[in-house]
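Source file: protein.cif. Holds: mmCIF, C-alpha atoms.
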data_coords
loop_
_atom_site.group_PDB
_atom_site.id
_atom_site.type_symbol
_atom_site.label_atom_id
_atom_site.label_comp_id
_atom_site.auth_asym_id
_atom_site.auth_seq_id
_atom_site.Cartn_x
_atom_site.Cartn_y
_atom_site.Cartn_z
ATOM 1 C CA MET E 1 48.812 76.238 25.431
ATOM 2 C CA ILE E 2 51.699 74.262 26.897
ATOM 3 C CA LEU E 3 53.364 71.350 25.096
ATOM 4 C CA ALA E 4 55.534 69.586 27.665
ATOM 5 C CA GLY E 5 56.011 66.558 29.893
ATOM 6 C CA SER E 6 54.164 65.712 33.099
ATOM 7 C CA ASP E 7 55.994 65.679 36.471
ATOM 8 C CA SER E 8 54.342 63.361 38.987
ATOM 9 C CA GLY E 9 56.038 65.263 41.815
ATOM 10 C CA GLY E 10 54.254 68.460 40.795
ATOM 11 C CA GLY E 11 57.319 70.677 40.886
ATOM 12 C CA ALA E 12 58.188 70.969 37.214
ATOM 13 C CA GLY E 13 56.723 70.218 33.795
ATOM 14 C CA ILE E 14 53.034 70.536 33.028
ATOM 15 C CA GLN E 15 52.112 70.810 36.703
ATOM 16 C CA ALA E 16 54.421 73.767 37.295
ATOM 17 C CA ASP E 17 53.336 75.310 34.003
ATOM 18 C CA ILE E 18 49.640 75.243 34.899
ATOM 19 C CA LYS E 19 50.281 76.709 38.353
ATOM 20 C CA ALA E 20 52.447 79.551 37.018
ATOM 21 C CA VAL E 21 50.076 80.494 34.205
ATOM 22 C CA THR E 22 47.112 80.470 36.582
ATOM 23 C CA MET E 23 48.847 82.591 39.220
ATOM 24 C CA LEU E 24 49.772 85.190 36.595
ATOM 25 C CA GLY E 25 46.230 85.567 35.309
ATOM 26 C CA GLY E 26 46.204 83.236 32.318
ATOM 27 C CA PHE E 27 44.251 80.115 31.398
ATOM 28 C CA ALA E 28 46.412 77.036 30.801
ATOM 29 C CA ALA E 29 45.606 74.349 28.259
ATOM 30 C CA THR E 30 48.004 71.488 27.595
ATOM 31 C CA ALA E 31 49.292 68.879 25.188
ATOM 32 C CA ILE E 32 51.326 66.393 27.220
ATOM 33 C CA THR E 33 54.381 64.970 25.438
ATOM 34 C CA ALA E 34 55.489 62.402 28.020
ATOM 35 C CA ILE E 35 54.677 61.026 31.450
ATOM 36 C CA THR E 36 57.592 61.056 33.884
ATOM 37 C CA ILE E 37 57.926 59.161 37.145
ATOM 38 C CA GLN E 38 59.553 61.860 39.212
ATOM 39 C CA ASN E 39 60.022 63.308 42.684
ATOM 40 C CA THR E 40 62.530 65.624 44.336
ATOM 41 C CA LEU E 41 65.174 62.874 44.237
ATOM 42 C CA GLY E 42 65.136 62.541 40.470
ATOM 43 C CA VAL E 43 63.500 61.150 37.347
ATOM 44 C CA HIS E 44 62.815 57.438 37.717
ATOM 45 C CA GLY E 45 61.148 56.789 34.374
ATOM 46 C CA VAL E 46 60.044 58.528 31.171
ATOM 47 C CA TYR E 47 57.155 57.295 29.023
ATOM 48 C CA PRO E 48 56.725 59.271 25.781
ATOM 49 C CA LEU E 49 53.201 59.615 24.421
ATOM 50 C CA PRO E 50 52.493 58.556 20.824
ATOM 51 C CA LEU E 51 52.916 61.341 18.284
ATOM 52 C CA ASP E 52 49.302 61.140 17.161
ATOM 53 C CA VAL E 53 48.135 61.602 20.753
ATOM 54 C CA ILE E 54 50.346 64.683 21.210
ATOM 55 C CA GLU E 55 49.070 66.160 17.945
ATOM 56 C CA ALA E 56 45.432 65.342 18.723
ATOM 57 C CA GLN E 57 45.629 67.075 22.123
ATOM 58 C CA ALA E 58 47.075 70.247 20.623
ATOM 59 C CA LYS E 59 44.731 70.434 17.638
ATOM 60 C CA ALA E 60 41.671 69.821 19.814
ATOM 61 C CA VAL E 61 42.610 72.868 21.884
ATOM 62 C CA LEU E 62 43.660 75.070 18.986
ATOM 63 C CA ASP E 63 40.592 74.268 16.875
ATOM 64 C CA ASP E 64 38.167 75.103 19.691
ATOM 65 C CA ILE E 65 39.671 77.370 22.356
ATOM 66 C CA GLY E 66 42.631 78.756 20.446
ATOM 67 C CA ALA E 67 45.747 80.182 22.055
ATOM 68 C CA ASP E 68 47.300 83.605 22.648
ATOM 69 C CA ALA E 69 50.717 82.051 23.309
ATOM 70 C CA LEU E 70 52.371 78.643 23.159
ATOM 71 C CA LYS E 71 55.040 77.286 25.498
ATOM 72 C CA THR E 72 57.149 74.221 24.816
ATOM 73 C CA GLY E 73 59.061 72.281 27.448
ATOM 74 C CA MET E 74 60.272 68.677 27.538
ATOM 75 C CA LEU E 75 60.132 67.191 24.040
ATOM 76 C CA GLY E 76 62.531 64.280 24.403
ATOM 77 C CA SER E 77 63.109 62.997 20.870
ATOM 78 C CA VAL E 78 63.684 64.125 17.300
ATOM 79 C CA GLU E 79 60.241 62.859 16.344
ATOM 80 C CA VAL E 80 58.490 64.892 19.050
ATOM 81 C CA VAL E 81 60.513 67.997 18.183
ATOM 82 C CA GLU E 82 59.422 67.620 14.564
ATOM 83 C CA ALA E 83 55.784 67.100 15.560
ATOM 84 C CA VAL E 84 55.751 70.112 17.881
ATOM 85 C CA ALA E 85 57.386 72.316 15.245
ATOM 86 C CA GLY E 86 54.530 71.338 12.965
ATOM 87 C CA LEU E 87 51.995 72.214 15.663
ATOM 88 C CA ILE E 88 53.569 75.645 16.134
ATOM 89 C CA ASP E 89 53.090 76.208 12.408
ATOM 90 C CA TYR E 90 49.524 74.856 12.649
ATOM 91 C CA ALA E 91 48.760 77.470 15.328
ATOM 92 C CA GLY E 92 49.649 80.248 12.917
ATOM 93 C CA ALA E 93 51.075 83.529 14.154
ATOM 94 C CA VAL E 94 50.857 82.603 17.843
ATOM 95 C CA PRO E 95 54.029 83.648 19.751
ATOM 96 C CA THR E 96 55.907 80.678 21.173
ATOM 97 C CA VAL E 97 58.116 80.546 24.266
ATOM 98 C CA VAL E 98 60.620 77.726 23.769
ATOM 99 C CA ASP E 99 62.256 76.278 26.875
ATOM 100 C CA PRO E 100 64.899 73.917 25.394
ATOM 101 C CA VAL E 101 64.701 71.372 28.228
ATOM 102 C CA MET E 102 67.633 68.955 28.118
ATOM 103 C CA ILE E 103 68.466 67.797 31.657
ATOM 104 C CA ALA E 104 66.370 67.500 34.826
ATOM 105 C CA LYS E 105 67.474 69.268 38.013
ATOM 106 C CA GLY E 106 68.797 65.985 39.383
ATOM 107 C CA GLY E 107 70.872 65.334 36.258
ATOM 108 C CA SER E 108 68.644 62.941 34.294
ATOM 109 C CA PRO E 109 68.618 63.535 30.523
ATOM 110 C CA LEU E 110 65.276 64.709 29.129
ATOM 111 C CA LEU E 111 66.359 65.200 25.508
ATOM 112 C CA GLU E 112 68.113 62.657 23.323
ATOM 113 C CA ASP E 113 71.566 63.764 22.177
ATOM 114 C CA ARG E 114 70.517 63.391 18.560
ATOM 115 C CA ALA E 115 67.549 65.715 19.180
ATOM 116 C CA VAL E 116 69.721 68.724 20.054
ATOM 117 C CA GLU E 117 70.272 69.438 16.359
ATOM 118 C CA ALA E 118 66.514 69.196 15.768
ATOM 119 C CA VAL E 119 65.912 71.775 18.508
ATOM 120 C CA ARG E 120 68.577 73.999 16.974
ATOM 121 C CA ARG E 121 67.114 73.663 13.487
ATOM 122 C CA LEU E 122 63.365 73.585 14.156
ATOM 123 C CA MET E 123 62.617 75.179 17.529
ATOM 124 C CA VAL E 124 65.087 78.057 17.835
ATOM 125 C CA PRO E 125 63.863 79.806 14.636
ATOM 126 C CA ARG E 126 60.248 79.429 15.800
ATOM 127 C CA ALA E 127 60.871 81.011 19.216
ATOM 128 C CA ALA E 128 59.400 84.403 19.992
ATOM 129 C CA LEU E 129 61.342 83.893 23.229
ATOM 130 C CA LEU E 130 63.969 81.214 23.887
ATOM 131 C CA THR E 131 64.835 80.538 27.560
ATOM 132 C CA PRO E 132 68.032 78.436 27.812
ATOM 133 C CA ASN E 133 70.146 77.951 30.906
ATOM 134 C CA ALA E 134 73.927 77.952 30.528
ATOM 135 C CA PRO E 135 74.379 74.228 29.697
ATOM 136 C CA GLU E 136 71.524 74.337 27.187
ATOM 137 C CA ALA E 137 72.935 77.443 25.518
ATOM 138 C CA GLU E 138 76.364 75.793 25.320
ATOM 139 C CA ALA E 139 74.850 72.680 23.719
ATOM 140 C CA LEU E 140 72.965 74.758 21.149
ATOM 141 C CA THR E 141 75.786 77.168 20.258
ATOM 142 C CA GLY E 142 79.104 75.546 21.198
ATOM 143 C CA ILE E 143 79.955 78.737 23.120
ATOM 144 C CA ALA E 144 81.157 78.422 26.730
ATOM 145 C CA VAL E 145 78.823 80.177 29.174
ATOM 146 C CA ALA E 146 80.782 80.784 32.379
ATOM 147 C CA ASP E 147 80.187 84.510 32.886
ATOM 148 C CA LEU E 148 78.073 87.424 31.680
ATOM 149 C CA ASP E 149 80.154 87.811 28.538
ATOM 150 C CA GLY E 150 79.532 84.156 27.690
ATOM 151 C CA GLN E 151 75.803 84.630 28.283
ATOM 152 C CA ARG E 152 75.820 87.609 25.943
ATOM 153 C CA ARG E 153 77.807 85.878 23.190
ATOM 154 C CA ALA E 154 75.671 82.724 23.320
ATOM 155 C CA GLY E 155 72.495 84.795 23.343
ATOM 156 C CA GLU E 156 73.635 86.753 20.314
ATOM 157 C CA ALA E 157 74.425 83.489 18.521
ATOM 158 C CA LEU E 158 70.915 82.204 19.244
ATOM 159 C CA LEU E 159 69.438 85.431 17.894
ATOM 160 C CA ALA E 160 71.512 84.871 14.751
ATOM 161 C CA MET E 161 69.996 81.350 14.504
ATOM 162 C CA GLY E 162 66.542 82.899 14.250
ATOM 163 C CA ALA E 163 65.148 83.343 17.775
ATOM 164 C CA ARG E 164 63.369 86.700 18.047
ATOM 165 C CA ALA E 165 64.400 87.093 21.694
ATOM 166 C CA VAL E 166 66.549 85.107 24.126
ATOM 167 C CA LEU E 167 66.406 85.051 27.923
ATOM 168 C CA MET E 168 69.834 83.744 28.937
ATOM 169 C CA LYS E 169 69.341 82.331 32.433
ATOM 170 C CA GLY E 170 72.267 82.695 34.822
ATOM 171 C CA GLY E 171 71.483 80.242 37.595
ATOM 172 C CA HIS E 172 74.281 77.881 36.484
ATOM 173 C CA VAL E 173 76.837 80.704 36.159
ATOM 174 C CA PRO E 174 79.060 80.981 39.282
ATOM 175 C CA GLY E 175 78.845 84.063 41.468
ATOM 176 C CA GLU E 176 77.119 85.612 44.444
ATOM 177 C CA THR E 177 74.581 87.257 42.150
ATOM 178 C CA VAL E 178 72.373 85.668 39.503
ATOM 179 C CA ILE E 179 72.033 87.560 36.241
ATOM 180 C CA ASP E 180 69.432 86.745 33.620
ATOM 181 C CA LEU E 181 70.004 88.543 30.346
ATOM 182 C CA LEU E 182 67.135 89.316 27.950
ATOM 183 C CA LEU E 183 68.468 89.903 24.452
ATOM 184 C CA THR E 184 66.533 91.158 21.443
ATOM 185 C CA ARG E 185 67.637 92.687 18.183
ATOM 186 C CA ASP E 186 66.951 96.087 19.774
ATOM 187 C CA GLY E 187 69.208 95.642 22.800
ATOM 188 C CA GLU E 188 69.396 93.916 26.164
ATOM 189 C CA THR E 189 67.802 94.010 29.606
ATOM 190 C CA VAL E 190 69.655 92.823 32.727
ATOM 191 C CA LEU E 191 67.726 91.142 35.557
ATOM 192 C CA GLU E 192 69.947 90.721 38.620
ATOM 193 C CA SER E 193 69.514 89.569 42.216
ATOM 194 C CA GLU E 194 71.481 88.034 45.049
ATOM 195 C CA ARG E 195 71.757 84.255 44.767
ATOM 196 C CA ILE E 196 69.350 82.449 47.090
ATOM 197 C CA ASP E 197 71.157 79.634 48.912
ATOM 198 C CA THR E 198 68.642 76.800 48.642
ATOM 199 C CA ARG E 199 68.230 73.287 47.253
ATOM 200 C CA HIS E 200 64.569 74.016 46.479
ATOM 201 C CA THR E 201 64.802 75.082 42.838
ATOM 202 C CA HIS E 202 63.108 72.161 41.073
ATOM 203 C CA GLY E 203 61.035 73.409 38.150
ATOM 204 C CA THR E 204 62.496 76.913 38.069
ATOM 205 C CA GLY E 205 63.054 76.868 34.302
ATOM 206 C CA CYS E 206 59.611 75.479 33.474
ATOM 207 C CA THR E 207 57.988 77.991 35.793
ATOM 208 C CA LEU E 208 59.868 80.984 34.391
ATOM 209 C CA ALA E 209 59.136 80.108 30.762
ATOM 210 C CA SER E 210 55.441 79.566 31.442
ATOM 211 C CA ALA E 211 55.233 82.765 33.469
ATOM 212 C CA CYS E 212 56.742 84.627 30.506
ATOM 213 C CA ALA E 213 54.213 82.971 28.186
ATOM 214 C CA ALA E 214 51.370 84.065 30.455
ATOM 215 C CA GLY E 215 52.496 87.680 30.233
ATOM 216 C CA ILE E 216 52.858 87.487 26.462
ATOM 217 C CA ALA E 217 49.381 85.932 26.208
ATOM 218 C CA LYS E 218 47.985 88.866 28.188
ATOM 219 C CA GLY E 219 49.482 91.238 25.623
ATOM 220 C CA LEU E 220 52.246 92.655 27.811
ATOM 221 C CA PRO E 221 55.378 93.986 26.098
ATOM 222 C CA LEU E 222 58.140 91.359 26.157
ATOM 223 C CA GLN E 223 60.315 93.234 28.656
ATOM 224 C CA THR E 224 57.352 93.719 31.008
ATOM 225 C CA ALA E 225 56.225 90.091 30.702
ATOM 226 C CA THR E 226 59.747 88.870 31.397
ATOM 227 C CA ALA E 227 60.266 91.161 34.391
ATOM 228 C CA GLU E 228 56.915 90.140 35.883
ATOM 229 C CA ALA E 229 57.728 86.461 35.407
ATOM 230 C CA TRP E 230 61.223 86.879 36.840
ATOM 231 C CA ALA E 231 59.904 88.595 39.984
ATOM 232 C CA TYR E 232 57.224 85.912 40.424
ATOM 233 C CA VAL E 233 59.779 83.100 40.228
ATOM 234 C CA ALA E 234 62.249 84.811 42.558
ATOM 235 C CA GLU E 235 59.583 85.095 45.255
ATOM 236 C CA ALA E 236 58.438 81.514 44.624
ATOM 237 C CA ILE E 237 62.012 80.365 45.314
ATOM 238 C CA ARG E 238 62.212 82.449 48.494
ATOM 239 C CA ARG E 239 58.945 80.921 49.751
ATOM 240 C CA ALA E 240 59.717 77.322 48.740
ATOM 241 C CA PRO E 241 57.813 75.005 51.107
ATOM 242 C CA GLY E 242 60.750 72.691 51.761
ATOM 243 C CA LEU E 243 59.119 69.530 50.426
ATOM 244 C CA GLY E 244 61.008 66.342 49.683
ATOM 245 C CA GLN E 245 64.475 65.030 50.365
ATOM 246 C CA GLY E 246 66.155 66.348 47.230
ATOM 247 C CA HIS E 247 65.648 69.292 44.895
ATOM 248 C CA GLY E 248 62.355 70.600 46.256
ATOM 249 C CA PRO E 249 59.670 72.579 44.411
ATOM 250 C CA LEU E 250 58.912 76.288 44.504
ATOM 251 C CA ASP E 251 55.860 77.882 46.099
ATOM 252 C CA HIS E 252 53.899 78.561 42.923
ATOM 253 C CA GLY E 253 50.837 79.679 44.852
ATOM 254 C CA TRP E 254 52.440 82.426 46.929
ATOM 255 C CA PRO E 255 50.407 85.288 45.365
ATOM 256 C CA VAL E 256 47.156 83.932 46.833
ATOM 257 C CA ARG E 257 48.696 83.800 50.303
ATOM 258 C CA GLY E 258 49.883 87.388 50.261
#
How does the structure come out when it is put into structure tokens?
Amino acid sequence: MILAGSDSGGGAGIQADIKAVTMLGGFAATAITAITIQNTLGVHGVYPLPLDVIEAQAKAVLDDIGADALKTGMLGSVEVVEAVAGLIDYAGAVPTVVDPVMIAKGGSPLLEDRAVEAVRRLMVPRAALLTPNAPEAEALTGIAVADLDGQRRAGEALLAMGARAVLMKGGHVPGETVIDLLLTRDGETVLESERIDTRHTHGTGCTLASACAAGIAKGLPLQTATAEAWAYVAEAIRRAPGLGQGHGPLDHGWPVRG
């Protein structure tokens, strides 16, 4: 089950989450936290849903269908962070992938400044897997993330804050290669590829986190689920359909086209 915001442009948020989970063999249920007015040029409006509506969506799913994994995305405010933390506890021992969404691809804020501490305090310790990009990791830890060493140090700090595993995404780190670093208390796994020169990367973080959640829900070991998700997203970037005038979406459906 995914707890996140809706993207009217279809490239990120709930729409990307559902596509990724479906393509990787899972069944996606949702609790929408906010409606955004959004396209490839940016976020033009954000309308949070009432807390009781968010909670009712999640409990309706959990009480009937249940969940093998949870994934959180855009939460927006302290109050929503607190509500979603409570829903994670309500779900019991269900592993949760936490994508600490703070800023949209076009630069629009998606998390109140005052909510960063709530994410640090309530979401990080509840994460079976935390998937921050470099700016998000810097905001959560205060550690500069400008190279692989910074990724490692920030990831280790997030483990110390209570996350059981951290996927430190390297898309914002300069260089001809992109390195994502999976850190657990047992060691690290490096995922590396040449940087793809494209503006069509809208929704990459949402897609990767949900793809990881799909693998975890299927019972795959964490390293296998992460590697499968990473490969899926890399190919989705390569096959991006070129839609829109700004930061375009990925091709989430590439597996069905061969």
TODO: Quick one: everything within 8 Å of Leu122 of chain E, counting all atoms listed in the file, minus sequence neighbours fewer than 3 positions away in the same chain. Send it as a list in words.
DONE: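 Here the answer would be Val81, Glu82, Ala85, Ala118, Val119, Pro125 and Arg126 of chain E.
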- [ ] Name the residues in contact with Ala165 of chain E at a cut-off of 10 Å, using all atoms listed in the file, excluding same-chain residues fewer than 2 positions from it; report them as a list in words.
- [x] Val97, Val124, Ala127, Ala128, Leu129, Leu130, Thr131, Gly155, Glu156, Leu158, Leu159, Gly162, Ala163, Leu167, Met168, Leu182, Leu183, Thr184, Arg185, Asp186, Gly187, Glu188 and Leu222 of chain E
- [ ] Quick one: pull the distance between atom CA of Ala56 of chain E and atom CA of Ser210 of chain E, Å, one decimal.
- [x]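 For atom CA of Ala56 of chain E relative to atom CA of Ser210 of chain E, the distance reads 21.5 Å.
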Specify the axis-aligned box that encloses all atoms of segment 23-26 of chain E listed in the file after padding of 4 Å on each side, stating its centre and edge lengths in Å to one decimal as AutoDock Vina command-line options.
--center_x 48.0 --center_y 84.1 --center_z 35.8 --size_x 11.6 --size_y 11.0 --size_z 14.9
- [ ] Identify which of the residues E:Val84, E:Ala139, E:Ala28, E:Arg257 lies closest to Ile54 of chain E, counting all atoms listed in the file when measuring atom-to-atom distances.
- [x]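 Between E:Val84, E:Ala139, E:Ala28, E:Arg257, the residue approaching Ile54 of chain E most closely is E:Val84.
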Open item on the list: Let me make sure I understand: among E:Ala157, E:Ala4, E:Ala58, E:Leu49, which one has the smallest atom-to-atom distance to Gly86 of chain E if we use only C-alpha atoms?
Closed with: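 Under the stated criterion, the closest residue is E:Ala58.
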- [ ] Do a neighbour search on segment 70-73 of chain E at 7 Å with only C-alpha atoms, toss out local chain neighbours closer than 3 positions, and write the hits as an NGL selection string.
- [x] :E and (1-5 or 67 or 94-101 or 206 or 210 or 213)
Could you rebuild segment 99-110 of chain E with all heavy atoms and give me the result as a PDB file, in the frame of the given file?
ATOM      1  N   ASP E  99      61.318  76.639  25.819  1.00  0.00           N
ATOM      2  CA  ASP E  99      62.256  76.278  26.875  1.00  0.00           C
ATOM      3  C   ASP E  99      62.962  75.005  26.413  1.00  0.00           C
ATOM      4  O   ASP E  99      62.347  73.934  26.408  1.00  0.00           O
ATOM      5  CB  ASP E  99      61.504  76.035  28.189  1.00  0.00           C
ATOM      6  CG  ASP E  99      62.432  75.750  29.355  1.00  0.00           C
ATOM      7  OD1 ASP E  99      63.652  75.976  29.229  1.00  0.00           O
ATOM      8  OD2 ASP E  99      61.939  75.294  30.407  1.00  0.00           O
ATOM      9  N   PRO E 100      64.227  75.076  26.000  1.00  0.00           N
ATOM     10  CA  PRO E 100      64.899  73.917  25.394  1.00  0.00           C
ATOM     11  C   PRO E 100      65.368  72.918  26.451  1.00  0.00           C
ATOM     12  O   PRO E 100      66.568  72.723  26.678  1.00  0.00           O
ATOM     13  CB  PRO E 100      66.070  74.554  24.647  1.00  0.00           C
ATOM     14  CG  PRO E 100      66.418  75.754  25.473  1.00  0.00           C
ATOM     15  CD  PRO E 100      65.096  76.274  26.020  1.00  0.00           C
ATOM     16  N   VAL E 101      64.417  72.259  27.101  1.00  0.00           N
ATOM     17  CA  VAL E 101      64.701  71.372  28.228  1.00  0.00           C
ATOM     18  C   VAL E 101      65.570  70.203  27.773  1.00  0.00           C
ATOM     19  O   VAL E 101      65.219  69.479  26.846  1.00  0.00           O
ATOM     20  CB  VAL E 101      63.383  70.840  28.832  1.00  0.00           C
ATOM     21  CG1 VAL E 101      63.676  69.829  29.935  1.00  0.00           C
ATOM     22  CG2 VAL E 101      62.539  71.997  29.359  1.00  0.00           C
ATOM     23  N   MET E 102      66.703  70.030  28.466  1.00  0.00           N
ATOM     24  CA  MET E 102      67.633  68.955  28.118  1.00  0.00           C
ATOM     25  C   MET E 102      67.945  68.035  29.285  1.00  0.00           C
ATOM     26  O   MET E 102      68.098  66.828  29.106  1.00  0.00           O
ATOM     27  CB  MET E 102      68.944  69.544  27.567  1.00  0.00           C
ATOM     28  CG  MET E 102      68.763  70.306  26.271  1.00  0.00           C
ATOM     29  SD  MET E 102      70.319  70.925  25.616  1.00  0.00           S
ATOM     30  CE  MET E 102      69.724  71.891  24.222  1.00  0.00           C
ATOM     31  N   ILE E 103      68.067  68.590  30.495  1.00  0.00           N
ATOM     32  CA  ILE E 103      68.466  67.797  31.657  1.00  0.00           C
ATOM     33  C   ILE E 103      67.610  68.205  32.845  1.00  0.00           C
ATOM     34  O   ILE E 103      67.379  69.397  33.086  1.00  0.00           O
ATOM     35  CB  ILE E 103      69.961  68.011  31.991  1.00  0.00           C
ATOM     36  CG1 ILE E 103      70.840  67.552  30.815  1.00  0.00           C
ATOM     37  CG2 ILE E 103      70.355  67.245  33.252  1.00  0.00           C
ATOM     38  CD1 ILE E 103      72.316  67.837  31.004  1.00  0.00           C
ATOM     39  N   ALA E 104      67.138  67.221  33.620  1.00  0.00           N
ATOM     40  CA  ALA E 104      66.370  67.500  34.826  1.00  0.00           C
ATOM     41  C   ALA E 104      67.287  68.056  35.910  1.00  0.00           C
ATOM     42  O   ALA E 104      68.512  67.921  35.854  1.00  0.00           O
ATOM     43  CB  ALA E 104      65.686  66.234  35.323  1.00  0.00           C
ATOM     44  N   LYS E 105      66.696  68.672  36.929  1.00  0.00           N
ATOM     45  CA  LYS E 105      67.474  69.268  38.013  1.00  0.00           C
ATOM     46  C   LYS E 105      68.415  68.258  38.652  1.00  0.00           C
ATOM     47  O   LYS E 105      69.535  68.581  39.030  1.00  0.00           O
ATOM     48  CB  LYS E 105      66.526  69.845  39.066  1.00  0.00           C
ATOM     49  CG  LYS E 105      67.207  70.629  40.166  1.00  0.00           C
ATOM     50  CD  LYS E 105      67.843  71.917  39.627  1.00  0.00           C
ATOM     51  CE  LYS E 105      66.769  72.906  39.184  1.00  0.00           C
ATOM     52  NZ  LYS E 105      67.355  74.166  38.666  1.00  0.00           N
ATOM     53  N   GLY E 106      67.967  67.010  38.762  1.00  0.00           N
ATOM     54  CA  GLY E 106      68.797  65.985  39.383  1.00  0.00           C
ATOM     55  C   GLY E 106      69.825  65.366  38.459  1.00  0.00           C
ATOM     56  O   GLY E 106      70.572  64.485  38.869  1.00  0.00           O
ATOM     57  N   GLY E 107      69.860  65.810  37.185  1.00  0.00           N
ATOM     58  CA  GLY E 107      70.872  65.334  36.258  1.00  0.00           C
ATOM     59  C   GLY E 107      70.401  64.346  35.214  1.00  0.00           C
ATOM     60  O   GLY E 107      71.162  63.945  34.335  1.00  0.00           O
ATOM     61  N   SER E 108      69.150  63.918  35.263  1.00  0.00           N
ATOM     62  CA  SER E 108      68.644  62.941  34.294  1.00  0.00           C
ATOM     63  C   SER E 108      68.406  63.598  32.934  1.00  0.00           C
ATOM     64  O   SER E 108      67.838  64.690  32.867  1.00  0.00           O
ATOM     65  CB  SER E 108      67.330  62.325  34.787  1.00  0.00           C
ATOM     66  OG  SER E 108      67.519  61.651  36.005  1.00  0.00           O
ATOM     67  N   PRO E 109      68.838  62.946  31.851  1.00  0.00           N
ATOM     68  CA  PRO E 109      68.618  63.535  30.523  1.00  0.00           C
ATOM     69  C   PRO E 109      67.146  63.513  30.136  1.00  0.00           C
ATOM     70  O   PRO E 109      66.458  62.507  30.336  1.00  0.00           O
ATOM     71  CB  PRO E 109      69.451  62.641  29.602  1.00  0.00           C
ATOM     72  CG  PRO E 109      69.551  61.338  30.327  1.00  0.00           C
ATOM     73  CD  PRO E 109      69.571  61.674  31.787  1.00  0.00           C
ATOM     74  N   LEU E 110      66.668  64.605  29.572  1.00  0.00           N
ATOM     75  CA  LEU E 110      65.276  64.709  29.129  1.00  0.00           C
ATOM     76  C   LEU E 110      65.175  64.994  27.630  1.00  0.00           C
ATOM     77  O   LEU E 110      64.082  65.201  27.117  1.00  0.00           O
ATOM     78  CB  LEU E 110      64.554  65.808  29.925  1.00  0.00           C
ATOM     79  CG  LEU E 110      64.440  65.570  31.440  1.00  0.00           C
ATOM     80  CD1 LEU E 110      63.806  66.766  32.114  1.00  0.00           C
ATOM     81  CD2 LEU E 110      63.655  64.300  31.745  1.00  0.00           C
TER      82      LEU E 110
END
